[in-house]
Every structure is written in C-alpha cells, then in structure tokens.
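Step one of this worksheet: look at the structure below.
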Amino acid sequence: MGFADRYIASIGSSNLLDDALHHQTEPLAAAALAGDIGALLCRVKYADGTINRQFEGNQQNLAQLLRIWIAAVAEKGKARFWVKSSDLQLAYPLFKRVAEASLAHWLDSHCKKCAGTGVTALMGNRQCTACKGSGTGEITGMREYEKKLALDMVSELTALCDSHARRANAKLRTAD
C-alpha cells in the first residue's frame, strides 16, 4: 500500500488512536512532518475531497495552493525564459493561465467523455476517441505553446508530490 492509499485510509478512519495496536494517525503525522508544498498538494488532492468527492473540501487549502503555485510557476517561467526579459510584466497572465491549467489538470486529469475509463459505452464499449483509450483528458482552451508549458508544470507537480510521499514514507519507516 502506497503513501497516498495509507493517507486516504487514515483520513477515513473512525479510530484515530495512536498506540501499539492502532497506527491510523501515522500517515497524517508523517505528511505533516515532511512539510513543504508537497504536504499541501497531498492535502488538497487526497484529503479535501478531490479524489473521493464524498464531501466538500477545505477551499482555503486550494486557494493557498493556487497562490503558491502561481508564484512558483512565475519563478520557473522567468528562469526558463518563457518570454523575453523585456516582456516580463506582460507575462504574468501567461504564468497564471499555465499555473491554473496545470494545477487543475494535475488534480483531475480524467477524460470527461469516458470518465477516465478509456472506453465509451455509447459506442459499444469501444476505445474512447477523445483520449484514445488512455483515460487522461486533454488540456483545453489554451494555445499549443501554453499546453506544452502546462504539461511541463503537471510533471513538476507530480514530482513534488512524489518527493513528498518518499519523505513521508521515510518518516513512517523510522516511526516503526
């Protein structure tokens, strides 16, 4: 069972005792102690209802994550020279669009037509034409250059979350 699964299970646990027989709180503590933007990413994606959709999540977490992510994307965009240095003041809308699209795609990348299954029942259980069977939706409403940048930032978000999960797992191992 990976960190995300243990984290989700601890959130849904009805018994948060922490003793020799109960270990449900350990993933929550490990996530908190490995604190960085990865902790906020995990909280928004796994704890605030994005995955389960059983409850309305904490909107302040998402708003905070979006502010942090827009600033991080702006720094990355400047460092990677997405725009000419003379156009940096005009680049903020680009950075914001890329940050919003990449975060939205990272949080829910399922294809809307097949609900992430890769198969459409309407066509007799055939491969979804929108996602070509991958189950992953496409980023829409952006120019190709912006899509490329957004997909690059999605990989950055995945790396941040994976890095956080590795650190939290290391804390879980040392706690055992």
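Every chain in the structure tokens has a letter given in the order shown (A, B, ...), and although residue numbers restart at 1 in each chain, ligands are simply numbered from 1 in the order shown.
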- Item | Spatial neighbours of Lys148 (chain A), 12 Å, only C-alpha atoms, chain gap at least 2 places, as a VMD selection string | chain A and resid 82 98 101 to 102 138 to 140 142 to 146 150 to 155
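Residues in contact with Ile70 (chain A) at up to 8 Å, not including ones fewer than 5 positions away on its chain and judged by only C-alpha atoms, are Phe95, Lys96, Ala99 and Glu100 of chain A.
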Apply DSSP to the structure's backbone, then extract all residues of region 82-152 of chain A labelled alpha helix (DSSP H) and return them as an mmCIF file with N, CA and C atoms, in the first residue's frame.
data_model
loop_
_atom_site.group_PDB
_atom_site.id
_atom_site.type_symbol
_atom_site.label_atom_id
_atom_site.label_comp_id
_atom_site.auth_asym_id
_atom_site.auth_seq_id
_atom_site.Cartn_x
_atom_site.Cartn_y
_atom_site.Cartn_z
ATOM 1 N N LEU A 88 8.434 40.817 -19.271
ATOM 2 C CA LEU A 88 8.104 40.127 -18.032
ATOM 3 C C LEU A 88 6.831 40.653 -17.369
ATOM 4 N N GLN A 89 6.572 41.941 -17.453
ATOM 5 C CA GLN A 89 5.356 42.456 -16.833
ATOM 6 C C GLN A 89 4.111 41.977 -17.572
ATOM 7 N N LEU A 90 4.239 41.758 -18.850
ATOM 8 C CA LEU A 90 3.113 41.258 -19.630
ATOM 9 C C LEU A 90 2.975 39.740 -19.506
ATOM 10 N N ALA A 91 3.970 39.078 -18.934
ATOM 11 C CA ALA A 91 3.977 37.616 -18.859
ATOM 12 C C ALA A 91 3.139 37.069 -17.713
ATOM 13 N N TYR A 92 2.787 37.892 -16.732
ATOM 14 C CA TYR A 92 2.046 37.379 -15.583
ATOM 15 C C TYR A 92 0.749 36.665 -15.977
ATOM 16 N N PRO A 93 -0.046 37.193 -16.915
ATOM 17 C CA PRO A 93 -1.251 36.439 -17.321
ATOM 18 C C PRO A 93 -0.918 35.049 -17.892
ATOM 19 N N LEU A 94 0.188 34.944 -18.624
ATOM 20 C CA LEU A 94 0.619 33.639 -19.132
ATOM 21 C C LEU A 94 0.970 32.707 -17.976
ATOM 22 N N PHE A 95 1.751 33.207 -17.022
ATOM 23 C CA PHE A 95 2.136 32.389 -15.869
ATOM 24 C C PHE A 95 0.897 31.925 -15.109
ATOM 25 N N LYS A 96 -0.059 32.826 -14.942
ATOM 26 C CA LYS A 96 -1.277 32.491 -14.201
ATOM 27 C C LYS A 96 -2.098 31.442 -14.942
ATOM 28 N N ARG A 97 -2.262 31.600 -16.258
ATOM 29 C CA ARG A 97 -3.017 30.609 -17.050
ATOM 30 C C ARG A 97 -2.356 29.241 -16.981
ATOM 31 N N VAL A 98 -1.044 29.212 -17.118
ATOM 32 C CA VAL A 98 -0.305 27.945 -17.073
ATOM 33 C C VAL A 98 -0.432 27.312 -15.688
ATOM 34 N N ALA A 99 -0.312 28.111 -14.638
ATOM 35 C CA ALA A 99 -0.414 27.582 -13.272
ATOM 36 C C ALA A 99 -1.806 27.027 -13.009
ATOM 37 N N GLU A 100 -2.835 27.769 -13.391
ATOM 38 C CA GLU A 100 -4.207 27.310 -13.148
ATOM 39 C C GLU A 100 -4.516 26.044 -13.939
ATOM 40 N N ALA A 101 -4.114 26.019 -15.209
ATOM 41 C CA ALA A 101 -4.387 24.842 -16.044
ATOM 42 C C ALA A 101 -3.615 23.620 -15.561
ATOM 43 N N SER A 102 -2.360 23.810 -15.179
ATOM 44 C CA SER A 102 -1.556 22.660 -14.739
ATOM 45 C C SER A 102 -2.066 22.112 -13.421
ATOM 46 N N LEU A 103 -2.441 22.979 -12.496
ATOM 47 C CA LEU A 103 -2.964 22.508 -11.213
ATOM 48 C C LEU A 103 -4.311 21.797 -11.403
ATOM 49 N N ALA A 104 -5.183 22.365 -12.212
ATOM 50 C CA ALA A 104 -6.484 21.732 -12.468
ATOM 51 C C ALA A 104 -6.300 20.371 -13.126
ATOM 52 N N HIS A 105 -5.392 20.287 -14.083
ATOM 53 C CA HIS A 105 -5.149 19.012 -14.762
ATOM 54 C C HIS A 105 -4.517 17.999 -13.813
ATOM 55 N N TRP A 106 -3.607 18.443 -12.963
ATOM 56 C CA TRP A 106 -2.971 17.523 -12.016
ATOM 57 C C TRP A 106 -3.988 16.997 -11.006
ATOM 58 N N LEU A 107 -4.873 17.853 -10.548
ATOM 59 C CA LEU A 107 -5.877 17.429 -9.570
ATOM 60 C C LEU A 107 -6.898 16.470 -10.167
ATOM 61 N N GLU A 144 -1.148 25.892 -28.202
ATOM 62 C CA GLU A 144 -0.247 24.728 -28.103
ATOM 63 C C GLU A 144 0.977 25.018 -27.230
ATOM 64 N N TYR A 145 1.543 26.209 -27.357
ATOM 65 C CA TYR A 145 2.705 26.562 -26.540
ATOM 66 C C TYR A 145 2.345 26.552 -25.057
ATOM 67 N N GLU A 146 1.186 27.108 -24.721
ATOM 68 C CA GLU A 146 0.745 27.131 -23.327
ATOM 69 C C GLU A 146 0.437 25.724 -22.821
ATOM 70 N N LYS A 147 -0.150 24.874 -23.672
ATOM 71 C CA LYS A 147 -0.411 23.482 -23.288
ATOM 72 C C LYS A 147 0.890 22.765 -22.958
ATOM 73 N N LYS A 148 1.895 22.999 -23.781
ATOM 74 C CA LYS A 148 3.195 22.370 -23.551
ATOM 75 C C LYS A 148 3.770 22.807 -22.203
ATOM 76 N N LEU A 149 3.673 24.093 -21.918
ATOM 77 C CA LEU A 149 4.161 24.608 -20.640
ATOM 78 C C LEU A 149 3.347 24.037 -19.480
ATOM 79 N N ALA A 150 2.031 23.956 -19.645
ATOM 80 C CA ALA A 150 1.168 23.423 -18.584
ATOM 81 C C ALA A 150 1.495 21.952 -18.321
ATOM 82 N N LEU A 151 1.700 21.162 -19.362
ATOM 83 C CA LEU A 151 2.049 19.750 -19.169
ATOM 84 C C LEU A 151 3.403 19.607 -18.486
ATOM 85 N N ASP A 152 4.319 20.512 -18.787
ATOM 86 C CA ASP A 152 5.611 20.524 -18.106
ATOM 87 C C ASP A 152 5.414 20.798 -16.613
#
- Task: Show which residues sit within 9 Å of Leu40 (chain A), as a count of residues only. Count only C-alpha atoms, and ignore same-chain residues fewer than 5 positions away.
- Result: 6
- Item | 6 Å contact set for region 158-166 of chain A, only C-alpha atoms, chain neighbours under 2 positions out, as a ChimeraX atom specification | /A:3,38,155-156,168-169
